[in-house]
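Next comes entry-v2.txt, a file with compact mmCIF, C-alpha atoms.
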```txt
# COMPACT_ATOMS: atom_id res chain seq x y z
CA MET A 21 0.00 0.00 0.00
CA THR A 22 2.71 2.42 0.91
CA THR A 23 4.43 2.10 -2.43
CA ALA A 24 1.28 2.57 -4.51
CA GLU A 25 0.92 6.26 -3.74
CA PRO A 26 4.38 7.55 -4.76
CA LEU A 27 4.37 5.44 -7.91
CA THR A 28 1.18 7.04 -9.23
CA GLN A 29 2.61 10.53 -8.65
CA GLN A 30 5.56 9.75 -10.84
CA PRO A 31 4.87 11.67 -14.08
CA SER A 32 3.99 15.03 -12.55
CA ARG A 33 6.95 14.83 -10.23
CA GLY A 34 9.35 14.07 -13.05
CA ARG A 35 8.26 17.08 -15.10
CA SER A 36 8.45 19.66 -12.35
CA ARG A 37 11.68 18.45 -10.81
CA THR A 38 14.29 20.58 -12.58
CA ALA A 39 12.63 24.00 -12.38
CA PRO A 40 12.29 24.29 -8.58
CA LEU A 41 15.77 22.87 -8.15
CA LEU A 42 17.21 25.46 -10.53
CA VAL A 43 15.48 28.32 -8.69
CA PHE A 44 16.67 26.90 -5.40
CA ALA A 45 20.24 26.58 -6.71
CA LEU A 46 20.26 30.22 -7.86
CA ALA A 47 18.94 31.34 -4.47
CA LEU A 48 21.65 29.36 -2.70
CA ALA A 49 24.34 30.75 -5.00
CA ALA A 50 23.31 34.28 -4.02
CA LEU A 51 23.06 33.39 -0.33
CA PRO A 52 26.73 33.87 0.65
CA LEU A 53 26.66 37.37 -0.89
CA VAL A 54 23.56 38.37 1.07
CA LEU A 55 24.46 36.99 4.50
CA PRO A 56 25.60 39.91 6.67
CA ASN A 57 28.44 38.26 8.57
CA ALA A 58 30.44 35.11 9.20
CA TYR A 59 28.06 33.87 11.89
CA TYR A 60 25.15 33.63 9.46
CA ALA A 61 27.36 31.94 6.87
CA ASP A 62 28.42 29.42 9.51
CA VAL A 63 24.78 28.67 10.37
CA ALA A 64 23.96 28.28 6.65
CA ILE A 65 26.89 25.89 6.25
CA ARG A 66 25.72 23.76 9.17
CA VAL A 67 22.22 23.62 7.70
CA ALA A 68 23.67 22.53 4.34
CA ILE A 69 25.83 19.82 5.92
CA ASN A 70 22.96 18.45 8.01
CA ALA A 71 20.60 18.59 5.03
CA THR A 72 22.99 16.66 2.80
CA VAL A 73 23.48 13.98 5.44
CA ALA A 74 19.73 13.87 6.11
CA ILE A 75 19.08 13.33 2.38
CA ALA A 76 21.56 10.45 2.35
CA LEU A 77 19.97 8.97 5.46
CA ASN A 78 16.48 9.42 4.05
CA LEU A 79 17.37 7.20 1.10
CA LEU A 80 17.98 4.45 3.65
CA ILE A 81 15.25 5.15 6.24
CA GLY A 82 12.51 6.86 4.26
CA TYR A 83 12.77 5.16 0.88
CA THR A 84 14.10 1.71 1.74
CA GLY A 85 12.56 1.45 5.20
CA GLN A 86 15.75 0.35 7.00
CA ILE A 87 16.46 2.15 10.26
CA SER A 88 19.97 3.27 11.17
CA LEU A 89 20.58 4.59 14.68
CA GLY A 90 24.32 4.77 14.12
CA HIS A 91 24.72 7.04 11.12
CA ALA A 92 26.66 9.67 13.04
CA ALA A 93 29.40 7.03 13.35
CA PHE A 94 30.03 7.32 9.59
CA PHE A 95 30.10 11.10 9.88
CA GLY A 96 32.57 10.90 12.78
CA LEU A 97 34.72 8.22 11.14
CA GLY A 98 34.82 10.26 7.92
CA ALA A 99 35.87 13.34 9.87
CA TYR A 100 38.56 11.49 11.82
CA GLY A 101 39.75 9.43 8.83
CA SER A 102 40.38 12.54 6.80
CA ALA A 103 41.85 14.51 9.71
CA ILE A 104 44.22 11.69 10.70
CA LEU A 105 45.46 11.03 7.16
CA ALA A 106 45.90 14.74 6.46
CA SER A 107 47.50 15.86 9.72
CA ARG A 108 49.40 12.79 10.97
CA PHE A 109 50.45 11.29 7.61
CA ASP A 110 50.63 14.53 5.60
CA TRP A 111 48.28 13.38 2.87
CA PRO A 112 46.70 16.07 0.66
CA PRO A 113 43.24 16.73 2.20
CA ALA A 114 41.34 15.81 -0.97
CA ALA A 115 43.13 12.45 -1.14
CA ALA A 116 42.53 11.94 2.57
CA LEU A 117 38.83 12.61 2.06
CA ALA A 118 38.59 10.18 -0.86
CA ALA A 119 40.60 7.47 0.91
CA SER A 120 38.61 7.66 4.13
CA ALA A 121 35.32 7.71 2.21
CA ALA A 122 36.44 4.64 0.24
CA MET A 123 37.54 2.78 3.37
CA ILE A 124 34.30 3.61 5.17
CA GLY A 125 32.36 2.56 2.08
CA GLY A 126 34.06 -0.83 2.11
CA PHE A 127 33.41 -1.20 5.82
CA ALA A 128 29.77 -0.14 5.41
CA TYR A 129 29.22 -2.63 2.58
CA GLY A 130 30.56 -5.54 4.63
CA LEU A 131 28.55 -4.42 7.64
CA ALA A 132 25.38 -3.97 5.60
CA ARG A 133 25.68 -7.44 4.09
CA VAL A 134 25.69 -8.88 7.61
CA ILE A 135 23.35 -6.71 9.65
CA LEU A 136 20.73 -5.68 7.09
CA ARG A 137 19.35 -9.21 7.33
CA LEU A 138 18.00 -8.09 10.70
CA GLU A 139 14.61 -6.48 11.01
CA GLY A 140 12.91 -3.86 13.16
CA HIS A 141 14.24 -3.50 16.70
CA TYR A 142 17.09 -5.89 16.03
CA LEU A 143 18.37 -3.76 13.16
CA ALA A 144 17.99 -0.64 15.31
CA MET A 145 20.00 -2.34 18.05
CA ALA A 146 22.75 -3.47 15.69
CA THR A 147 23.22 -0.07 14.01
CA LEU A 148 23.12 1.60 17.42
CA GLY A 149 25.81 -0.81 18.56
CA VAL A 150 28.05 0.07 15.62
CA GLY A 151 27.65 3.75 16.47
CA VAL A 152 28.50 3.25 20.13
CA ILE A 153 31.53 1.07 19.34
CA ALA A 154 32.83 3.71 16.90
CA THR A 155 32.46 6.44 19.53
CA ILE A 156 34.26 4.38 22.17
CA ALA A 157 37.08 3.54 19.75
CA LEU A 158 37.50 7.20 18.75
CA THR A 159 37.55 8.22 22.41
CA ASN A 160 40.09 5.62 23.50
CA GLU A 161 42.59 5.47 20.63
CA THR A 162 44.30 8.58 21.97
CA GLY A 163 47.48 7.95 19.97
CA LEU A 164 45.65 8.50 16.68
CA THR A 165 42.60 10.56 17.54
CA GLY A 166 43.71 12.60 20.53
CA GLY A 167 40.92 11.03 22.61
CA PRO A 168 38.21 13.12 24.27
CA ASP A 169 40.32 16.28 23.84
CA GLY A 170 39.75 16.07 20.09
CA MET A 171 42.21 16.82 17.31
CA SER A 172 42.79 19.52 14.75
CA SER A 173 42.29 19.11 11.03
CA PRO A 174 44.16 21.10 8.35
CA ASP A 175 42.65 23.40 5.72
CA PHE A 176 41.06 21.89 2.64
CA THR A 177 43.09 22.33 -0.55
CA LEU A 178 42.14 21.16 -4.01
CA PHE A 179 44.51 21.56 -6.98
CA GLY A 180 46.57 24.11 -5.06
CA PHE A 181 43.51 26.19 -4.14
CA THR A 182 42.80 26.51 -0.44
CA VAL A 183 39.17 26.94 0.59
CA SER A 184 39.21 29.69 3.15
CA GLY A 185 36.70 32.00 4.76
CA GLU A 186 33.03 31.31 5.50
CA ARG A 187 31.90 32.62 2.12
CA GLN A 188 33.94 30.16 0.03
CA TRP A 189 32.99 27.26 2.28
CA CYS A 190 29.37 28.35 2.04
CA TRP A 191 29.48 28.15 -1.78
CA LEU A 192 31.15 24.76 -1.64
CA PHE A 193 28.58 23.29 0.75
CA MET A 194 25.66 24.86 -1.13
CA ALA A 195 26.94 23.35 -4.39
CA ILE A 196 27.18 19.95 -2.70
CA LEU A 197 23.67 20.32 -1.28
CA VAL A 198 22.21 21.10 -4.71
CA ALA A 199 24.11 18.17 -6.24
CA ALA A 200 22.81 15.89 -3.48
CA LEU A 201 19.22 17.06 -4.04
CA TRP A 202 19.52 16.49 -7.78
CA LEU A 203 21.21 13.10 -7.49
CA ALA A 204 18.81 11.85 -4.83
CA ALA A 205 15.76 12.99 -6.81
CA ASN A 206 17.08 11.18 -9.88
CA LEU A 207 17.95 8.04 -7.94
CA VAL A 208 14.50 7.89 -6.38
CA ASP A 209 12.77 8.09 -9.77
CA SER A 210 15.09 5.53 -11.37
CA PRO A 211 14.35 1.78 -11.57
CA ALA A 212 16.71 1.31 -8.61
CA GLY A 213 14.71 3.88 -6.64
CA ARG A 214 11.49 2.04 -7.41
CA ALA A 215 13.12 -1.18 -6.21
CA LEU A 216 14.07 0.55 -2.96
CA ARG A 217 10.53 1.79 -2.42
CA ALA A 218 9.18 -1.65 -3.20
CA LEU A 219 11.43 -3.02 -0.46
CA ARG A 220 9.94 -0.58 2.01
CA GLY A 221 6.39 -1.47 1.02
CA SER A 222 6.90 -5.20 1.36
CA GLU A 223 10.19 -7.01 1.16
CA THR A 224 8.49 -10.30 0.35
CA ALA A 225 6.47 -8.76 -2.48
CA ALA A 226 9.58 -7.04 -3.85
CA ARG A 227 11.51 -10.28 -3.83
CA THR A 228 8.79 -12.14 -5.66
CA LEU A 229 9.06 -9.45 -8.36
CA GLY A 230 12.77 -10.14 -8.74
CA VAL A 231 14.29 -7.39 -6.58
CA ASP A 232 17.58 -8.60 -5.09
CA ALA A 233 16.75 -7.40 -1.57
CA ALA A 234 20.10 -8.07 0.10
CA SER A 235 22.06 -6.42 -2.68
CA PHE A 236 19.84 -3.32 -2.92
CA LYS A 237 19.80 -2.83 0.84
CA ALA A 238 23.58 -3.18 1.08
CA ARG A 239 24.14 -0.80 -1.83
CA VAL A 240 21.85 1.94 -0.53
CA PHE A 241 23.40 1.59 2.94
CA THR A 242 26.88 1.93 1.43
CA LEU A 243 25.89 4.93 -0.68
CA SER A 244 24.38 6.61 2.35
CA ALA A 245 27.46 5.83 4.48
CA ILE A 246 29.91 7.14 1.86
CA ALA A 247 27.97 10.39 1.42
CA THR A 248 27.80 10.83 5.19
CA ALA A 249 31.51 10.08 5.62
CA ALA A 250 32.50 12.54 2.87
CA MET A 251 30.41 15.24 4.54
CA GLY A 252 32.11 14.38 7.84
CA SER A 253 35.52 14.81 6.21
CA LEU A 254 34.59 18.19 4.74
CA TYR A 255 33.12 19.25 8.06
CA ALA A 256 36.41 18.38 9.79
CA HIS A 257 38.38 20.48 7.29
CA TYR A 258 35.87 23.31 7.61
CA VAL A 259 35.77 23.63 11.42
CA GLY A 260 39.41 22.62 11.84
CA PHE A 261 38.82 20.87 15.16
CA ILE A 262 36.86 17.69 15.91
CA THR A 263 35.89 15.65 18.97
CA PRO A 264 34.45 12.12 19.33
CA SER A 265 31.00 13.57 20.14
CA LEU A 266 30.54 13.92 16.35
CA ALA A 267 30.04 10.16 16.15
CA ALA A 268 28.00 9.80 19.33
CA PHE A 269 24.50 8.42 19.78
CA PRO A 270 22.73 11.80 20.32
CA LYS A 271 24.04 12.97 16.94
CA SER A 272 22.63 9.84 15.27
CA ILE A 273 19.26 10.48 16.88
CA GLU A 274 19.39 14.09 15.70
CA LEU A 275 19.92 12.92 12.11
CA VAL A 276 17.02 10.46 12.30
CA THR A 277 14.82 13.22 13.81
CA MET A 278 15.62 15.49 10.85
CA VAL A 279 14.46 12.79 8.45
CA VAL A 280 11.28 12.02 10.40
CA VAL A 281 10.25 15.62 11.15
CA GLY A 282 10.80 16.74 7.55
CA SER A 283 9.05 13.67 6.21
CA MET A 284 10.10 10.14 5.44
CA ALA A 285 10.60 9.45 1.76
CA SER A 286 10.75 13.10 0.74
CA ILE A 287 14.00 14.66 -0.44
CA TRP A 288 12.79 18.21 0.17
CA GLY A 289 11.42 17.05 3.51
CA SER A 290 14.93 16.16 4.65
CA LEU A 291 16.06 19.63 3.70
CA VAL A 292 13.25 21.24 5.70
CA GLY A 293 13.80 18.92 8.66
CA ALA A 294 17.53 19.59 8.71
CA ALA A 295 16.97 23.34 8.42
CA LEU A 296 14.43 23.28 11.25
CA LEU A 297 16.61 21.23 13.59
CA SER A 298 19.74 23.23 12.85
CA LEU A 299 18.11 26.67 13.02
CA LEU A 300 15.85 26.17 16.05
CA PRO A 301 18.68 25.96 18.62
CA GLU A 302 20.11 29.20 17.18
CA LEU A 303 16.72 30.94 17.27
CA LEU A 304 15.97 29.65 20.77
CA ALA A 305 19.32 30.75 22.18
CA ARG A 306 17.60 33.74 23.83
CA TYR A 307 15.49 31.47 26.07
CA GLU A 308 18.50 30.66 28.18
CA GLY A 309 18.12 27.52 30.24
CA SER A 310 14.73 26.50 28.88
CA GLU A 311 15.74 26.23 25.20
CA THR A 312 15.81 22.43 25.34
CA ILE A 313 12.24 22.36 26.68
CA VAL A 314 10.99 24.75 23.99
CA PHE A 315 12.88 22.75 21.35
CA GLY A 316 11.26 19.52 22.55
CA LEU A 317 7.81 21.08 22.65
CA ILE A 318 8.14 22.39 19.08
CA LEU A 319 9.21 18.95 17.83
CA LEU A 320 6.37 17.30 19.75
CA ALA A 321 3.81 19.77 18.37
CA THR A 322 5.16 19.26 14.85
CA MET A 323 4.76 15.51 15.05
CA ILE A 324 1.27 15.73 16.59
CA LEU A 325 -0.07 18.38 14.21
CA LEU A 326 1.81 17.23 11.09
CA PRO A 327 2.05 13.47 11.61
CA ARG A 328 3.30 12.69 8.10
CA GLY A 329 6.08 15.23 8.40
CA ILE A 330 6.16 18.91 7.49
CA VAL A 331 6.47 18.84 3.70
CA PRO A 332 3.71 16.37 2.65
CA THR A 333 1.20 17.82 5.13
CA LEU A 334 1.77 21.38 3.90
CA ALA A 335 1.80 20.27 0.26
CA ALA A 336 -1.53 18.50 0.75
CA SER A 337 -3.11 21.54 2.40
CA ILE A 338 -1.88 23.83 -0.41
CA ALA A 339 -3.23 21.44 -3.04
CA ARG A 340 -6.59 21.39 -1.24
CA ARG A 341 -6.80 25.18 -1.16
CA ARG A 342 -6.04 25.48 -4.88
CA ARG A 343 -8.90 23.20 -5.82
CA MET B 19 24.11 4.41 28.80
CA LEU B 20 22.16 2.48 31.45
CA GLY B 21 18.93 2.59 29.44
CA LEU B 22 20.82 1.45 26.36
CA LYS B 23 22.31 -1.47 28.27
CA GLY B 24 18.79 -2.60 29.21
CA PHE B 25 17.81 -2.50 25.55
CA VAL B 26 20.98 -4.43 24.68
CA ALA B 27 20.26 -7.13 27.27
CA ALA B 28 16.66 -7.56 26.09
CA THR B 29 17.75 -7.77 22.45
CA LEU B 30 20.52 -10.18 23.32
CA GLY B 31 18.06 -12.59 24.92
CA GLY B 32 15.39 -12.06 22.30
CA LEU B 33 12.63 -9.44 22.51
CA GLY B 34 9.42 -10.88 23.94
CA SER B 35 11.15 -13.53 25.95
CA GLY B 36 11.31 -13.07 29.74
CA VAL B 37 13.89 -15.78 30.31
CA GLY B 38 15.89 -14.30 27.43
CA ALA B 39 16.01 -10.88 29.06
CA VAL B 40 17.39 -12.35 32.30
CA ALA B 41 19.91 -14.53 30.45
CA GLY B 42 20.85 -11.58 28.24
CA GLY B 43 21.41 -9.36 31.26
CA ILE B 44 23.61 -11.94 32.99
CA ALA B 45 25.60 -12.66 29.82
CA LEU B 46 26.07 -8.94 29.24
CA GLY B 47 27.30 -8.28 32.78
CA LEU B 48 29.72 -11.20 32.64
CA MET B 49 31.12 -10.13 29.28
CA GLU B 50 31.59 -6.57 30.48
CA SER B 51 33.45 -7.59 33.61
CA LEU B 52 35.60 -10.09 31.76
CA THR B 53 36.49 -7.50 29.13
CA ALA B 54 37.32 -4.96 31.82
CA GLY B 55 39.54 -7.51 33.56
CA TYR B 56 41.29 -9.20 30.65
CA VAL B 57 41.20 -6.76 27.73
CA SER B 58 40.82 -3.11 28.69
CA SER B 59 38.48 -1.30 31.04
CA ALA B 60 38.17 1.51 28.51
CA TYR B 61 36.49 -0.90 26.11
CA LYS B 62 34.13 -2.32 28.75
CA ASP B 63 31.08 -0.57 27.28
CA ALA B 64 32.00 -1.56 23.74
CA ALA B 65 32.01 -5.25 24.75
CA ALA B 66 28.26 -5.18 25.29
CA PHE B 67 27.67 -3.99 21.75
CA VAL B 68 30.21 -6.31 20.17
CA VAL B 69 28.49 -9.27 21.84
CA VAL B 70 25.04 -8.19 20.73
CA LEU B 71 26.29 -7.76 17.14
CA LEU B 72 27.86 -11.22 17.15
CA ILE B 73 24.78 -12.88 18.65
CA LEU B 74 22.48 -11.14 16.18
CA VAL B 75 24.62 -12.29 13.25
CA VAL B 76 24.27 -15.90 14.36
CA ARG B 77 20.73 -15.69 15.71
CA PRO B 78 18.88 -12.70 14.16
CA ARG B 79 16.15 -12.84 16.82
CA GLY B 80 18.35 -13.08 19.88
CA MET B 81 19.34 -16.11 21.96
CA PHE B 82 15.82 -17.11 23.00
CA GLY B 83 13.79 -15.43 20.28
CA ALA B 84 11.38 -17.76 18.56
CA ALA B 85 11.52 -18.11 14.81
CA THR B 86 8.28 -16.62 13.53
CA ALA B 87 6.48 -17.16 10.28
CA THR B 88 5.31 -14.01 8.55
CA ARG B 89 1.88 -13.99 7.00
CA VAL B 90 2.03 -12.44 3.56
```

Write out the structure in this file as structure tokens.
Amino acid sequence: MTTAEPLTQQPSRGRSRTAPLLVFALALAALPLVLPNAYYADVAIRVAINATVAIALNLLIGYTGQISLGHAAFFGLGAYGSAILASRFDWPPAAALAASAAMIGGFAYGLARVILRLEGHYLAMATLGVGVIATIALTNETGLTGGPDGMSSPDFTLFGFTVSGERQWCWLFMAILVAALWLAANLVDSPAGRALRALRGSETAARTLGVDAASFKARVFTLSAIATAAMGSLYAHYVGFITPSLAAFPKSIELVTMVVVGSMASIWGSLVGAALLSLLPELLARYEGSETIVFGLILLATMILLPRGIVPTLAASIARRRR
Amino acid sequence: MLGLKGFVAATLGGLGSGVGAVAGGIALGLMESLTAGYVSSAYKDAAAFVVVLLILVVRPRGMFGAATATRV
């Protein structure tokens, strides 16, 4: 039942995909020029990073229906992998990023082949376990990672050009966000994307139709892990200093919350969810001491009033008004 | 971490099985203490999760979880 609805929407969605994305890309390109100071650019960058990771995670959770409560581990491992290779072994940052993303991809594929056979709570438990183990390893391998004190990460250089200043980073992350939106939208509408959605609807039904469930699940998990790890690497080079809390359980939960609040199985929903969860703490900073309570109440109200997530509920209400 | 450990113990034994939860809790505690004593106390908490991963690979529904048939 769950797959029937998106499949029928296919044609209209395909036609109107490029135009909004193009408008959005132009708006994002202008954004770094409009933002008044470095603080706003930093906030925009964090939104873009979270949104890109949320999109990658949504492919796994929203479209394929496989929970991951340990995705921050890939972000943290990507950040540390790149930082360690670049600062302790003097690799060029771009090569460090690619190498750590490739290693994490290999690890994620092997892991996915084994644990994605699990279902429901057991899968949640296993992914959570991977996340916790990664955090503990990052905290205790002080020789490589610097332990709980964290470690520094060098600037990001590509072909002799060093990315410096909030504005340049902002353009880089915005470009990546637009690319992620475009790639994810294309993937979802491709035959592979339909296979993924069929897996979410009913794995048994999908398998009877010839979908190689184990292979598709492992591949989407790997794709999601590599994207998350690469974003972690870039984040490390951007902020210049990282701690093991990047990989910790609360961060994983935050990522899942972005996907769920925005809307499962909606690319733009992930963007909205990530923006909401990244911006709210900044906006609520004035309510000193009670910001966590207000934050929680807003999330609770969102889920009660907009149970399918923000984007589909609003889209449905707009469509109703037009009619 | 304490709440997570409870979840780990229940999963280890098999969700929905009372005996499993007790056995899972005991196995978890033993593994943690043995790891702290013989391997490294820093990795004590990781032991719990390594064990649950290994058990789930061998028995996807936990030690005492019943194999269930799904109605399609």

Using all atoms listed in the file, find the residues of chain B whose closest atom to chain A is at most 7 Å away, then write them as JSON, numbers by chain.
-> {"B": [29, 60, 61, 64, 67, 71, 75, 78]}

With C-alpha atoms retained, export the selected residues as a CSV table (one decimal), keeping the file's coordinate frame.
```csv
chain,number,residue,atom,x,y,z
B,29,THR,CA,17.8,-7.8,22.4
B,60,ALA,CA,38.2,1.5,28.5
B,61,TYR,CA,36.5,-0.9,26.1
B,64,ALA,CA,32.0,-1.6,23.7
B,67,PHE,CA,27.7,-4.0,21.8
B,71,LEU,CA,26.3,-7.8,17.1
B,75,VAL,CA,24.6,-12.3,13.2
B,78,PRO,CA,18.9,-12.7,14.2
```

Return as lines of an AutoDock Vina configuration file the box centre and box size in Å, one decimal, for an axis-aligned box around all listed atoms of stretch 216-224 of chain A padded by 4 Å per side.
```
center_x = 10.2
center_y = -4.3
center_z = -0.6
size_x = 15.7
size_y = 20.1
size_z = 13.2
```

Which residue gives the smallest distance to A:Arg239 among A:Val198, A:Ala335, A:Leu79, A:Leu203, with all atoms listed in the file counted?
-> A:Leu79

From the list A:Leu192, A:Ala247, A:Met278, A:Val314, which residue is nearest A:Ile124 when using all atoms listed in the file?
->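 Among the listed residues, A:Ala247 lies closest to A:Ile124.
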
As a check of understanding: the span from atom CA of B:Leu48 to atom CA of B:Gly34 is 22.1 Å

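Between atom CA of A:Leu89 and atom CA of A:Trp189 lies a distance of 28.7 Å.
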
Which residue gives the smallest distance to A:Trp288 among A:Met251, A:Ile330, A:Leu51, A:Leu117, with all atoms listed in the file counted?
-> A:Ile330

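Computed from the coordinates, the atom CA of A:Val279 to atom CA of A:Phe241 distance equals 15.4 Å.
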
With a distance cut-off of 7 Å and only C-alpha atoms, select the neighbouring residues of A:Ala103, excluding the residue or stretch itself and same-chain residues fewer than 3 positions from it, and output the selection as a ChimeraX atom specification.
-> /A:99-100,106-107,173,256

For A:Phe176: contacts at 12 Å, only C-alpha atoms, fewer than 6 positions along chain excluded, given as a list in words =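 Everything that qualifies: Ser102, Ala103, Ala106, Ser107, Trp111, Pro112, Pro113, Ala114, Ala115, Ala116, Leu117, Thr182, Val183, Ser184, Gly185, Gln188, Trp189, Leu192, Ser253, Leu254, Tyr255, Ala256, His257, Tyr258, Val259 and Gly260 of chain A.
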
Between B:Ala54, B:Gly36, B:Ala66, B:Ala45, smallest distance to B:Lys23 by all atoms listed in the file belongs to B:Ala66

In terms of all atoms listed in the file, the residue from B:Met19, B:Ile44, B:Leu33, B:Val26 at minimal distance from B:Ala84 is B:Leu33
